[in-house]
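Listing of target.txt, compact mmCIF, C-alpha atoms and all ligand atoms
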# COMPACT_ATOMS: atom_id res chain seq x y z
CA MET A 324 2.61 39.51 45.96
CA SER A 325 4.91 37.12 44.12
CA TRP A 326 5.42 33.56 45.31
CA ILE A 327 9.01 34.20 46.23
CA ARG A 328 8.21 37.23 48.37
CA LYS A 329 5.64 35.39 50.47
CA GLY A 330 8.40 33.66 52.38
CA ILE A 331 11.62 31.80 51.88
CA VAL A 332 11.11 29.36 49.05
CA LYS A 333 13.07 26.12 49.08
CA ILE A 334 14.17 25.01 45.62
CA GLY A 335 15.89 21.69 44.87
CA LEU A 336 18.23 21.75 41.87
CA ILE A 337 19.01 18.35 40.36
CA GLY A 338 22.27 18.67 38.45
CA ALA A 339 25.02 21.29 38.58
CA GLY A 340 25.07 22.09 34.85
CA PRO A 341 25.04 25.64 33.49
CA SER A 342 21.21 25.75 33.34
CA ASN A 343 20.63 25.10 37.05
CA LEU A 344 23.65 27.11 38.21
CA PHE A 345 22.48 30.05 36.11
CA LEU A 346 19.07 29.88 37.80
CA ALA A 347 20.74 29.91 41.22
CA TRP A 348 22.82 32.86 40.10
CA LEU A 349 19.85 34.83 38.76
CA LEU A 350 17.81 34.32 41.92
CA ARG A 351 20.68 34.56 44.40
CA ASN A 352 19.43 35.84 47.75
CA GLU A 353 15.81 35.34 46.62
CA ALA A 354 15.39 31.63 47.41
CA ASP A 355 17.06 28.82 49.31
CA PHE A 356 18.74 26.68 46.68
CA HIS A 357 19.71 23.10 47.52
CA LEU A 358 22.01 21.56 44.91
CA ILE A 359 21.99 17.81 44.30
CA GLU A 360 24.83 16.74 41.99
CA GLU A 361 25.94 13.18 41.46
CA ASP A 362 29.58 14.03 40.82
CA LYS A 363 31.85 15.22 43.58
CA ARG A 364 33.19 18.00 41.35
CA LEU A 365 31.56 20.54 39.05
CA GLY A 366 31.49 20.09 35.28
CA LEU A 367 31.89 16.31 35.21
CA PRO A 368 31.74 14.33 33.08
CA LEU A 369 33.31 16.61 30.48
CA HIS A 370 31.25 16.44 27.31
CA CYS A 371 30.92 19.72 25.50
CA THR A 372 32.78 21.64 22.75
CA GLY A 373 31.66 24.92 24.33
CA LEU A 374 30.97 26.97 21.20
CA VAL A 375 28.46 29.79 21.61
CA SER A 376 27.72 33.17 20.13
CA GLU A 377 29.91 35.72 21.92
CA ARG A 378 27.07 38.28 21.82
CA MET A 379 24.66 35.92 23.58
CA ALA A 380 27.25 34.89 26.17
CA ILE A 381 27.91 38.53 27.06
CA ALA A 382 24.18 39.36 27.05
CA LEU A 383 23.61 36.60 29.61
CA GLY A 384 26.35 37.99 31.81
CA ILE A 385 28.99 35.27 31.30
CA SER A 386 32.41 36.62 32.22
CA ARG A 387 35.07 36.85 29.51
CA ARG A 388 37.29 35.03 32.00
CA VAL A 389 35.74 31.78 30.75
CA PHE A 390 36.20 32.56 27.04
CA ASP A 391 39.02 30.27 25.85
CA ASN A 392 39.23 31.32 22.20
CA TYR A 393 37.20 33.13 19.56
CA TYR A 394 36.39 32.41 15.92
CA ASP A 395 35.39 34.81 13.18
CA LYS A 396 35.33 32.28 10.32
CA LEU A 397 33.69 28.94 9.78
CA THR A 398 34.01 26.78 6.68
CA VAL A 399 31.40 24.18 5.82
CA THR A 400 32.94 21.65 3.49
CA THR A 401 33.37 17.96 2.65
CA ASN A 402 37.09 17.70 3.48
CA PRO A 403 39.51 19.97 5.31
CA TYR A 404 41.42 20.43 2.05
CA SER A 405 38.34 21.54 0.03
CA SER A 406 37.35 25.20 -0.06
CA GLY A 407 33.59 24.72 0.65
CA VAL A 408 31.49 27.63 1.89
CA LEU A 409 33.21 30.21 4.08
CA LEU A 410 31.06 32.04 6.63
CA ARG A 411 32.49 35.26 8.04
CA PHE A 412 30.89 36.46 11.27
CA THR A 413 30.46 40.20 11.07
CA ASN A 414 28.60 41.30 14.24
CA SER A 415 29.27 38.58 16.76
CA ARG A 416 32.06 36.04 16.81
CA VAL A 417 31.86 32.50 18.09
CA THR A 418 33.53 31.93 21.41
CA MET A 419 34.72 28.71 23.03
CA LEU A 420 33.58 28.64 26.63
CA ASN A 421 35.75 26.85 29.10
CA ARG A 422 33.98 23.96 30.72
CA PRO A 423 34.03 23.38 33.64
CA GLY A 424 35.16 27.02 33.89
CA LEU A 425 31.59 28.13 33.10
CA GLU A 426 30.11 25.99 35.87
CA GLU A 427 32.77 27.18 38.34
CA TYR A 428 32.11 30.81 37.43
CA LEU A 429 28.31 30.51 37.83
CA TYR A 430 28.72 28.53 41.05
CA GLY A 431 31.04 31.20 42.45
CA GLU A 432 28.47 33.91 41.74
CA ALA A 433 25.42 32.00 43.02
CA SER A 434 24.60 31.59 46.68
CA LEU A 435 23.51 28.09 47.58
CA LYS A 436 21.96 27.19 50.90
CA MET A 437 22.98 23.51 50.75
CA GLU A 438 25.14 21.39 48.45
CA HIS A 439 24.83 17.66 48.17
CA MET A 440 27.78 16.77 45.94
CA GLY A 441 28.18 13.07 45.15
CA VAL A 442 24.45 12.43 45.60
CA ARG A 443 22.54 11.01 42.67
CA ALA A 444 18.82 11.87 42.59
CA ILE A 445 17.00 8.60 42.03
CA ASP A 446 13.40 9.58 42.37
CA VAL A 447 11.31 12.74 42.37
CA ASN A 448 7.59 12.96 42.98
CA HIS A 449 5.09 15.61 42.00
CA LYS A 450 4.89 16.84 45.60
CA GLY A 451 8.53 17.91 45.41
CA VAL A 452 10.10 15.03 47.36
CA VAL A 453 13.53 13.96 46.07
CA LYS A 454 15.14 10.67 47.01
CA GLY A 455 18.78 10.08 46.27
CA SER A 456 21.76 7.81 46.75
CA GLY A 457 23.15 7.26 50.25
CA GLY A 458 19.68 7.55 51.83
CA PHE A 459 19.21 11.18 50.78
CA GLU A 460 15.62 12.45 51.07
CA ASP A 461 14.29 15.99 51.22
CA SER A 462 11.20 17.89 50.13
CA PHE A 463 11.08 21.18 48.25
CA ASP A 464 8.58 23.84 47.20
CA LEU A 465 9.93 23.38 43.69
CA VAL A 466 12.26 20.78 42.14
CA VAL A 467 14.20 21.80 39.01
CA ILE A 468 15.40 18.90 36.89
CA GLY A 469 18.61 19.93 35.14
CA GLU A 470 19.99 16.45 34.51
CA GLY A 471 21.21 17.29 31.00
CA ALA A 472 20.66 14.87 28.13
CA ARG A 473 20.28 11.83 30.38
CA ASN A 474 16.47 11.88 30.23
CA VAL A 475 15.86 9.55 33.18
CA LEU A 476 14.03 11.78 35.67
CA SER A 477 12.59 14.11 33.04
CA ARG A 478 11.10 11.07 31.30
CA ARG A 479 9.82 9.42 34.45
CA VAL A 480 8.40 12.50 36.14
CA LEU A 481 7.39 14.70 33.21
CA GLY A 482 7.10 12.17 30.38
CA ASN A 483 9.70 13.94 28.18
CA ARG A 484 11.20 11.85 25.39
CA LEU A 485 14.38 13.38 24.02
CA VAL A 486 15.88 12.69 20.60
CA THR A 487 19.63 12.32 21.13
CA VAL A 488 22.77 11.30 19.26
CA SER A 489 26.20 10.39 20.62
CA GLY A 490 29.18 12.68 20.29
CA ILE A 491 32.86 11.97 20.94
CA GLN A 492 35.64 14.47 20.72
CA VAL A 493 39.34 14.79 21.37
CA ASP A 494 41.66 17.57 22.41
CA GLY A 495 44.93 16.77 20.73
CA TYR A 496 47.76 17.76 18.46
CA SER A 497 47.87 17.24 14.72
CA PRO A 498 50.68 18.73 12.62
CA TYR A 499 48.72 17.35 9.64
CA LEU A 500 45.72 19.61 10.42
CA ARG A 501 48.02 22.43 11.47
CA ASN A 502 49.30 22.59 7.91
CA MET A 503 45.76 22.84 6.55
CA VAL A 504 44.10 25.06 9.14
CA ASN A 505 46.77 27.60 9.96
CA ASP A 506 44.39 30.13 11.48
CA ASP A 507 43.54 29.65 15.17
CA HIS A 508 40.23 31.49 14.73
CA HIS A 509 38.76 29.39 11.92
CA ILE A 510 36.35 26.47 12.52
CA ILE A 511 35.93 23.68 9.95
CA VAL A 512 32.65 21.75 9.74
CA LEU A 513 32.65 18.63 7.58
CA PHE A 514 29.63 16.99 6.00
CA ASN A 515 31.00 13.72 4.70
CA GLU A 516 29.38 10.32 4.95
CA GLY A 517 32.82 8.76 5.29
CA TYR A 518 33.20 10.55 8.65
CA SER A 519 29.58 10.45 9.84
CA SER A 520 26.39 9.34 8.15
CA ARG A 521 24.24 11.03 10.79
CA PHE A 522 25.74 14.41 11.57
CA PHE A 523 28.72 16.63 10.94
CA THR A 524 32.32 16.49 12.10
CA TRP A 525 34.01 19.56 13.58
CA ILE A 526 37.62 20.74 13.77
CA VAL A 527 38.17 23.64 16.14
CA PRO A 528 41.65 25.07 16.71
CA LYS A 529 42.40 25.78 20.36
CA GLY A 530 45.70 27.61 19.81
CA ASN A 531 49.30 26.46 20.25
CA GLY A 532 48.84 23.69 17.69
CA GLU A 533 46.03 22.00 19.59
CA PHE A 534 42.66 21.06 18.06
CA ARG A 535 39.28 19.94 19.38
CA ILE A 536 37.90 17.44 16.89
CA GLY A 537 34.52 15.82 17.30
CA VAL A 538 32.09 13.56 15.55
CA VAL A 539 28.50 12.52 16.16
CA ASP A 540 26.78 9.34 15.09
CA ASP A 541 24.60 6.53 16.34
CA THR A 542 25.92 5.05 19.57
CA ASN A 543 26.90 1.70 18.05
CA VAL A 544 29.18 3.22 15.39
CA VAL A 545 30.39 6.51 16.83
CA GLY A 546 33.52 4.96 18.42
CA LEU A 547 34.57 3.42 15.14
CA ARG A 548 33.96 6.65 13.24
CA PHE A 549 35.94 8.58 15.82
CA ARG A 550 38.96 6.26 15.60
CA ARG A 551 38.95 6.55 11.82
CA ILE A 552 39.00 10.36 12.03
CA ILE A 553 41.79 10.35 14.63
CA ASN A 554 43.87 8.10 12.40
CA GLN A 555 43.17 10.04 9.23
CA PHE A 556 44.05 13.40 10.79
CA ARG A 557 46.99 11.81 12.65
CA VAL A 558 45.91 13.24 16.00
CA THR A 559 47.93 12.66 19.16
CA PRO A 560 45.18 12.73 21.80
CA ARG A 561 45.56 14.63 25.04
CA ARG A 562 42.07 13.80 26.29
CA VAL A 563 38.96 12.15 24.84
CA PHE A 564 35.48 13.07 26.04
CA GLY A 565 31.88 13.28 24.88
CA GLY A 566 28.27 12.55 25.66
CA ARG A 567 24.77 12.79 24.31
CA ILE A 568 23.61 15.71 22.20
CA VAL A 569 19.93 16.65 22.29
CA LEU A 570 18.44 17.25 18.87
CA GLY A 571 14.89 17.81 20.08
CA SER A 572 12.04 16.03 21.77
CA LEU A 573 9.11 13.89 20.71
CA ASN A 574 7.01 14.66 23.71
CA VAL A 575 7.65 17.46 26.10
CA ASN A 576 6.21 18.70 29.32
CA TYR A 577 8.14 21.54 30.90
CA GLY A 578 6.53 21.40 34.31
CA TYR A 579 3.89 19.71 36.42
CA LYS A 580 2.77 20.34 40.02
CA SER A 581 6.04 20.95 41.97
CA VAL A 582 8.50 19.87 39.29
CA VAL A 583 9.97 21.69 36.27
CA ALA A 584 12.76 20.93 33.78
CA VAL A 585 15.44 23.28 32.44
CA GLY A 586 18.22 23.04 29.86
CA ASP A 587 18.82 19.87 27.87
CA SER A 588 16.12 18.09 29.91
CA THR A 589 13.50 20.19 28.11
CA GLY A 590 14.67 19.17 24.61
CA VAL A 591 15.09 22.85 23.71
CA THR A 592 18.51 23.19 22.10
CA LYS A 593 19.98 25.23 19.28
CA ALA A 594 18.65 24.71 15.82
CA LEU A 595 20.37 21.97 13.85
CA THR A 596 23.48 21.56 16.03
CA GLY A 597 22.05 20.60 19.41
CA GLY A 598 24.16 23.28 21.12
CA GLY A 599 22.37 23.78 24.40
CA ILE A 600 24.42 26.05 26.67
CA ILE A 601 22.70 29.30 25.70
CA THR A 602 19.23 27.80 25.15
CA GLY A 603 19.52 26.03 28.51
CA MET A 604 20.38 29.32 30.21
CA LEU A 605 17.43 30.94 28.40
CA THR A 606 15.04 28.34 29.83
CA SER A 607 16.41 29.21 33.29
CA LEU A 608 16.01 32.91 32.58
CA ILE A 609 12.33 32.32 31.79
CA LEU A 610 11.91 30.19 34.91
CA ALA A 611 13.61 32.84 37.07
CA ARG A 612 11.23 35.46 35.70
CA VAL A 613 8.20 33.29 36.41
CA ILE A 614 9.40 32.52 39.95
CA HIS A 615 10.11 36.19 40.51
CA GLU A 616 6.77 37.46 39.23
CA SER A 617 4.14 34.76 39.76
CA ASP A 618 2.05 34.36 42.85
CA THR A 619 1.14 30.70 42.29
CA ASN A 620 1.36 27.90 39.72
CA VAL A 621 4.98 28.44 38.79
CA PRO A 622 5.32 25.15 36.81
CA GLU A 623 2.14 25.86 34.87
CA ARG A 624 3.10 29.40 33.98
CA TYR A 625 6.64 28.39 33.09
CA SER A 626 5.27 25.64 30.82
CA SER A 627 2.95 27.99 29.05
CA MET A 628 5.75 30.54 28.53
CA LEU A 629 8.11 27.87 27.15
CA ASN A 630 5.36 26.51 24.96
CA GLY A 631 5.32 29.96 23.36
CA THR A 632 7.95 31.11 20.88
CA LEU A 633 10.93 29.12 22.22
CA GLY A 634 9.06 25.82 22.48
CA ARG A 635 7.40 26.22 19.08
CA LEU A 636 10.70 27.00 17.42
CA ALA A 637 12.27 24.02 19.19
CA LYS A 638 9.59 21.73 17.77
CA VAL A 639 10.10 23.06 14.24
CA TYR A 640 13.86 22.70 14.59
CA SER A 641 13.50 19.12 15.90
CA ILE A 642 11.72 18.28 12.66
CA LEU A 643 14.24 20.20 10.52
CA SER A 644 17.16 18.52 12.35
CA SER A 645 15.64 15.15 11.70
CA ILE A 646 15.28 15.97 7.99
CA LEU A 647 18.81 17.38 7.80
CA TYR A 648 20.41 14.37 9.43
CA ASN A 649 18.60 11.98 7.14
CA ASN A 650 20.28 13.70 4.21
CA ILE A 651 24.00 13.90 4.95
CA LYS A 652 24.79 12.35 1.56
CA LEU A 653 22.78 15.08 -0.23
CA ILE A 654 24.47 17.86 1.74
CA GLU A 655 27.82 16.35 0.84
CA MET A 656 26.85 16.25 -2.85
CA ALA A 657 25.56 19.84 -2.74
CA LEU A 658 28.80 21.02 -1.10
CA ARG A 659 30.86 19.26 -3.76
CA GLU A 660 29.05 21.48 -6.30
CA VAL A 661 30.68 24.58 -4.80
CA ASN A 662 34.15 23.18 -4.20
CA GLY A 663 36.74 25.36 -5.88
CA SER A 664 34.30 28.30 -6.30
CA HIS A 665 35.44 30.26 -3.19
CA VAL A 666 31.95 30.94 -1.90
CA GLU A 667 31.98 33.43 0.95
CA VAL A 668 29.02 34.74 2.96
CA LYS A 669 28.85 37.43 5.61
CA VAL A 670 26.78 36.23 8.55
CA PRO A 671 25.95 38.54 11.47
CA ASP A 672 25.76 35.88 14.16
CA TYR A 673 26.67 32.25 14.69
CA ASP A 674 23.42 31.44 16.49
CA ASN A 675 21.09 31.59 13.51
CA HIS A 676 21.88 28.84 11.01
CA MET A 677 18.69 29.40 9.00
CA ASP A 678 19.66 33.05 8.52
CA ALA A 679 23.14 31.93 7.32
CA LEU A 680 21.56 29.56 4.80
CA ILE A 681 19.19 32.22 3.46
CA ARG A 682 22.08 34.69 3.16
CA LEU A 683 24.12 32.08 1.28
CA LEU A 684 21.32 31.54 -1.22
CA MET A 685 20.71 35.29 -1.59
CA THR A 686 24.41 36.10 -2.09
CA ASN A 687 24.88 33.23 -4.52
CA PRO A 688 21.54 32.46 -6.23
CA LYS A 689 23.44 30.18 -8.66
CA ILE A 690 24.16 27.81 -5.79
CA GLY A 691 20.43 27.54 -5.12
CA LEU A 692 19.88 26.63 -8.77
CA LYS A 693 22.72 24.09 -8.72
CA VAL A 694 21.46 22.30 -5.62
CA ILE A 695 17.73 22.49 -6.37
CA LYS A 696 18.10 19.31 -8.42
CA TYR A 697 18.61 17.42 -5.16
CA ALA A 698 15.25 18.56 -3.72
CA PRO A 699 13.23 15.57 -4.99
CA LEU A 700 15.78 13.23 -3.35
CA ILE A 701 15.30 14.71 0.11
CA ASN A 702 14.34 12.13 2.69
CA MET A 703 11.78 13.89 4.90
CA GLY A 704 12.42 11.40 7.72
CA GLY A 705 8.71 10.65 8.02
CA PHE A 706 7.76 14.34 8.25
CA THR A 707 5.93 16.55 5.74
CA LEU A 708 6.06 20.28 5.13
CA ARG A 709 2.64 20.36 6.73
CA ASP A 710 4.19 19.02 9.98
CA VAL A 711 6.65 21.92 9.99
CA ILE A 712 3.89 24.47 9.37
CA SER A 713 1.53 23.00 11.94
CA ALA A 714 4.35 22.94 14.54
CA LEU A 715 4.78 26.66 13.90
CA LEU A 716 1.09 27.51 14.24
C1 LIG A 801 29.96 16.23 22.21
C2 LIG A 801 29.14 17.43 22.64
C3 LIG A 801 29.45 18.68 22.13
C4 LIG A 801 28.67 19.78 22.49
N1 LIG A 801 29.01 21.01 22.01
C5 LIG A 801 28.28 22.09 22.33
C6 LIG A 801 28.64 23.39 21.85
O1 LIG A 801 29.62 23.54 21.14
N2 LIG A 801 27.86 24.44 22.21
C7 LIG A 801 26.76 24.29 23.01
O2 LIG A 801 26.07 25.29 23.29
N3 LIG A 801 26.41 23.08 23.50
C8 LIG A 801 27.14 21.98 23.18
N4 LIG A 801 26.80 20.75 23.68
C9 LIG A 801 25.58 20.64 24.51
C10 LIG A 801 25.82 21.20 25.92
O3 LIG A 801 26.88 20.51 26.53
C11 LIG A 801 24.54 21.01 26.73
O4 LIG A 801 23.45 21.56 26.00
C12 LIG A 801 24.62 21.72 28.09
O5 LIG A 801 25.68 21.21 28.86
C13 LIG A 801 23.30 21.50 28.83
O6 LIG A 801 23.40 22.06 30.10
P1 LIG A 801 22.47 21.49 31.27
O7 LIG A 801 22.72 22.40 32.43
O8 LIG A 801 21.10 21.34 30.80
O9 LIG A 801 23.02 20.02 31.56
P2 LIG A 801 24.49 19.43 31.78
O10 LIG A 801 25.55 20.42 31.44
O11 LIG A 801 24.53 18.13 31.05
O12 LIG A 801 24.56 19.16 33.34
C14 LIG A 801 23.79 18.16 33.93
C15 LIG A 801 24.34 17.89 35.34
O13 LIG A 801 23.42 17.05 36.02
C16 LIG A 801 24.12 16.03 36.70
N5 LIG A 801 23.17 14.93 36.87
C17 LIG A 801 22.55 14.20 35.89
N6 LIG A 801 21.67 13.33 36.43
C18 LIG A 801 21.73 13.53 37.78
C19 LIG A 801 21.04 12.92 38.86
N7 LIG A 801 20.13 11.97 38.69
N8 LIG A 801 21.34 13.34 40.11
C20 LIG A 801 22.27 14.33 40.32
N9 LIG A 801 22.95 14.91 39.33
C21 LIG A 801 22.67 14.54 38.06
C22 LIG A 801 25.33 15.73 35.80
O14 LIG A 801 26.38 15.14 36.51
C23 LIG A 801 25.68 17.16 35.31
O15 LIG A 801 26.56 17.80 36.22
C24 LIG A 801 27.57 19.63 23.37
C25 LIG A 801 27.27 18.36 23.91
C26 LIG A 801 28.05 17.28 23.56
C27 LIG A 801 27.75 15.94 24.12

Let me see the structure of the file written as structure tokens.
Ligand SMILES: Cc1cc2nc3c(=O)[nH]c(=O)nc-3n(C[C@H](O)[C@H](O)[C@H](O)COP(=O)(O)OP(=O)(O)OC[C@H]3O[C@@H](n4cnc5c(N)ncnc54)[C@H](O)[C@@H]3O)c2cc1C
Amino acid sequence: MSWIRKGIVKIGLIGAGPSNLFLAWLLRNEADFHLIEEDKRLGLPLHCTGLVSERMAIALGISRRVFDNYYDKLTVTTNPYSSGVLLRFTNSRVTMLNRPGLEEYLYGEASLKMEHMGVRAIDVNHKGVVKGSGGFEDSFDLVVIGEGARNVLSRRVLGNRLVTVSGIQVDGYSPYLRNMVNDDHHIIVLFNEGYSSRFFTWIVPKGNGEFRIGVVDDTNVVGLRFRRIINQFRVTPRRVFGGRIVLGSLNVNYGYKSVVAVGDSTGVTKALTGGGIITGMLTSLILARVIHESDTNVPERYSSMLNGTLGRLAKVYSILSSILYNNIKLIEMALREVNGSHVEVKVPDYDNHMDALIRLLMTNPKIGLKVIKYAPLINMGGFTLRDVISALL
């Protein structure tokens, strides 16, 4: 008999992000969920661009009601006025999820036994006792840490050490960009050291002349970078928001005794971009399955399942992300090689960047030959090819 069927199981959820709310939705009516969220409202603070593969969003049961826009083209380039490489999504488009609409939707579908909004979890122990602000204290059969990229409780209780960068973005109007990007379903991704020396910059049309423009860099310079971009693209801001993006983890422990982590807290995010909505929901899907099927040792079984394919891929991608983001200058130089050549690639799905890269090189082998000269200049960021292979094995 599974653990959950032996009696009513009391589960404490720390954080009302999509990962924890999805878990509560999946196991609605199967467990008593107690939500502990430090903000008084869902979806705060706003931080996310919300771009996911439409196919994956639908497969996970997310309602189209929270799809704000869709994109069937994405250009990777050095400047919005350079042609760069155009990716056309053939099987699944990219969709922009509304946040906090996603959280509100999942919350509306889940059934929670108790909600402690405005309570910050301060301490969790391995026996499942959570202490929080305002004298809050309760004990649970299982505590699920879904604190996002903050990495306070997941570090203290599970020893996880996340690799993060800082992202800032703006929703605003820019007639300047409007003239350049006159298609509301076309995303522009810029690799340009002048904008960010650590990551890429994104320009996403929202419709009606509005854009979501974001940049990522080290915390001490990201504000400066952001202001420069706003000025250059002459953006009139409507709102500015952002947060920490998880690029991977150095040390990860998905669960121990009565505590597990889901979502960003696990360090498992999407390859190379740190997008974590879908991967976070996938970690919760795995946890829900383990809770549903296992008789004992839920954290242990969940850990071993996550350590399988998803965890191994996450480790490889952490290394690849680190290598990629140590080489922004080289990517910029490689992209300049194709400017003016109108390179176009058909890509089935937004979620697999490695697949897109392989397709690009297969469709245009000359590009591979042009950029191969940069290979000896690649900064491996302290890693070797052997590290990548041994992470895979
Ligand atoms: C600038 C930026 C752009 C991004 N763009 C994308 C994108 O385009 N696509 C994509 O897929 N992902 C994107 N992401 C990442 C995405 O936002 C996260 O991967 C996703 O939100 C993770 O969900 P989560 O449920 O794990 O945590 P979160 O959504 O971060 O939720 C965590 C919740 O826990 C609460 N909390 C934290 N600590 C405590 C505590 N101690 N006690 C109580 N409550 C607590 C917080 O208030 C919050 O409500 C972006 C992130 C940033 C910063």

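Coordinates place atom N6 of ligand LIG 801 (chain A) at a distance of 9.1 Å from atom CA of A:Ile359.
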
Emit as JSON the padded axis-aligned box for all listed atoms of ligand LIG 801 (chain A), 6 Å per side, with centre and edge lengths in Å to one decimal.
{"center_x": 25.0, "center_y": 18.6, "center_z": 30.7, "size_x": 21.8, "size_y": 25.3, "size_z": 31.2}

Within 7 Å of ligand LIG 801 (chain A) (only C-alpha atoms and all ligand atoms), residues as a ChimeraX atom specification: /A:337-343,359-362,365-368,370-375,442-445,469-473,476,489-492,537,565-568,585-588,592,597-601,603

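Using only C-alpha atoms, the shortest contact distance between A:Asp355 and any of A:Ile553, A:Val399, A:Met437, A:Ile381 is found at A:Met437.
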
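When only C-alpha atoms are used to measure the gap to A:Lys693, the shortest distance among A:Ala657, A:Arg351, A:Asn574, A:Asn662 belongs to A:Ala657.
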
Need to verify the contact set: A:Arg562, 10 Å, all atoms listed in the file, exclusion of same-chain residues closer than 2 positions in sequence. Can you return it as an MDAnalysis selection string? chainID A and resid 492:495 535 559:560 564

Suppose we keep C-alpha atoms; can you now write the selection as a CSV table (one decimal), in the frame of the given file?
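Just written: again-v7.csv:
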chain,number,residue,atom,x,y,z
A,492,GLN,CA,35.6,14.5,20.7
A,493,VAL,CA,39.3,14.8,21.4
A,494,ASP,CA,41.7,17.6,22.4
A,495,GLY,CA,44.9,16.8,20.7
A,535,ARG,CA,39.3,19.9,19.4
A,559,THR,CA,47.9,12.7,19.2
A,560,PRO,CA,45.2,12.7,21.8
A,564,PHE,CA,35.5,13.1,26.0

Shell of 9 Å around stretch 382-385 of chain A, only C-alpha atoms, local chain residues under 2 positions omitted, as an NGL selection string: :A and (377-380 or 387-390 or 425 or 428-429 or 601 or 604-605 or 608)

For A:Met685, find every residue with an atom within 12 Å (counting only C-alpha atoms), except residues of its own chain fewer than 6 positions away, and show them as JSON, numbers by chain. {"A": [667, 668, 669, 670, 678, 679, 691, 692]}

Quick one: distance from atom CA of A:Leu358 to atom CA of A:Asn421 in Å, one decimal? 21.6 Å

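One distance worth recording is that between atom CA of A:Asp541 and atom CA of A:Asn702, which is 18.0 Å.
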
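Between A:Asn483 and the candidates A:Arg548, A:Gly578, A:Ile701, A:His615, the tightest atom-to-atom separation, counting all atoms listed in the file, involves A:Gly578.
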
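Minimum atom-to-atom distance to A:Ile695, evaluated using only C-alpha atoms, belongs to A:Leu653 out of A:Tyr579, A:Tyr673, A:Thr707, A:Leu653.
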
Mind checking which residues fall within 10 Å of A:Leu435, counting all atoms listed in the file, ignoring those fewer than 4 positions away in the same chain, and posting them as JSON, numbers by chain? {"A": [344, 347, 348, 351, 352, 354, 355, 356, 357, 358, 430, 431]}

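Surrounding residues of (27.7, 17.7, 13.3) at most 7 Å away are Phe522, Phe523, Thr524, Trp525, Val538, Val539 and Thr596 of chain A (based on all atoms listed in the file).
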
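With all atoms listed in the file as the basis for measurement, A:Arg612 is the residue among A:Arg521, A:Arg612, A:Lys652, A:Arg561 that approaches A:Met628 most closely.
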
As a VMD selection string, please: the residues near A:Gly634 (cut-off 12 Å, all atoms listed in the file, same-chain neighbours under 2 positions excluded). chain A and resid 571 to 572 574 to 577 589 to 594 602 605 to 606 609 625 to 632 636 to 641 714 to 716

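Distances from A:Leu410, A:Ile690, A:Ile651, A:Val661 to A:Gly517 were compared using all atoms listed in the file, and the smallest one belongs to A:Ile651.
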
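Using all atoms listed in the file, the protein and nucleic acid residues lying at most 10 Å from the point (46.3, 23.0, 10.2) are Pro403, Tyr404, Tyr496, Ser497, Pro498, Tyr499, Leu500, Arg501, Asn502, Met503, Val504, Asn505, Asp506, Asp507, Ile526, Pro528, Gly532, Glu533, Phe534 and Phe556 of chain A.
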
Since the input is missing atoms for stretch 450-460 of chain A, could you rebuild it with N, CA and C atoms and give the result as a PDB file, keeping the file's coordinate frame?
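Output (selection.pdb):
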ATOM      1  N   LYS A 450       5.031  15.970  44.414  1.00  0.00           N
ATOM      2  CA  LYS A 450       4.890  16.840  45.600  1.00  0.00           C
ATOM      3  C   LYS A 450       6.205  17.535  45.936  1.00  0.00           C
ATOM      4  N   GLY A 451       7.255  17.229  45.164  1.00  0.00           N
ATOM      5  CA  GLY A 451       8.530  17.910  45.410  1.00  0.00           C
ATOM      6  C   GLY A 451       9.472  17.135  46.324  1.00  0.00           C
ATOM      7  N   VAL A 452       9.206  15.839  46.508  1.00  0.00           N
ATOM      8  CA  VAL A 452      10.100  15.030  47.360  1.00  0.00           C
ATOM      9  C   VAL A 452      11.155  14.387  46.459  1.00  0.00           C
ATOM     10  N   VAL A 453      12.424  14.562  46.843  1.00  0.00           N
ATOM     11  CA  VAL A 453      13.530  13.960  46.070  1.00  0.00           C
ATOM     12  C   VAL A 453      14.198  12.905  46.932  1.00  0.00           C
ATOM     13  N   LYS A 454      14.370  11.710  46.336  1.00  0.00           N
ATOM     14  CA  LYS A 454      15.140  10.670  47.010  1.00  0.00           C
ATOM     15  C   LYS A 454      16.424  10.463  46.234  1.00  0.00           C
ATOM     16  N   GLY A 455      17.503  10.227  46.971  1.00  0.00           N
ATOM     17  CA  GLY A 455      18.780  10.080  46.270  1.00  0.00           C
ATOM     18  C   GLY A 455      19.649   8.997  46.877  1.00  0.00           C
ATOM     19  N   SER A 456      20.838   8.839  46.273  1.00  0.00           N
ATOM     20  CA  SER A 456      21.760   7.810  46.750  1.00  0.00           C
ATOM     21  C   SER A 456      22.202   8.126  48.179  1.00  0.00           C
ATOM     22  N   GLY A 457      22.651   7.088  48.871  1.00  0.00           N
ATOM     23  CA  GLY A 457      23.150   7.260  50.250  1.00  0.00           C
ATOM     24  C   GLY A 457      22.054   7.622  51.227  1.00  0.00           C
ATOM     25  N   GLY A 458      20.796   7.286  50.909  1.00  0.00           N
ATOM     26  CA  GLY A 458      19.680   7.550  51.830  1.00  0.00           C
ATOM     27  C   GLY A 458      19.188   8.988  51.815  1.00  0.00           C
ATOM     28  N   PHE A 459      19.637   9.774  50.840  1.00  0.00           N
ATOM     29  CA  PHE A 459      19.210  11.180  50.780  1.00  0.00           C
ATOM     30  C   PHE A 459      17.695  11.283  50.556  1.00  0.00           C
ATOM     31  N   GLU A 460      17.044  12.146  51.312  1.00  0.00           N
ATOM     32  CA  GLU A 460      15.620  12.450  51.070  1.00  0.00           C
ATOM     33  C   GLU A 460      15.331  13.850  51.597  1.00  0.00           C
TER      34      GLU A 460
END
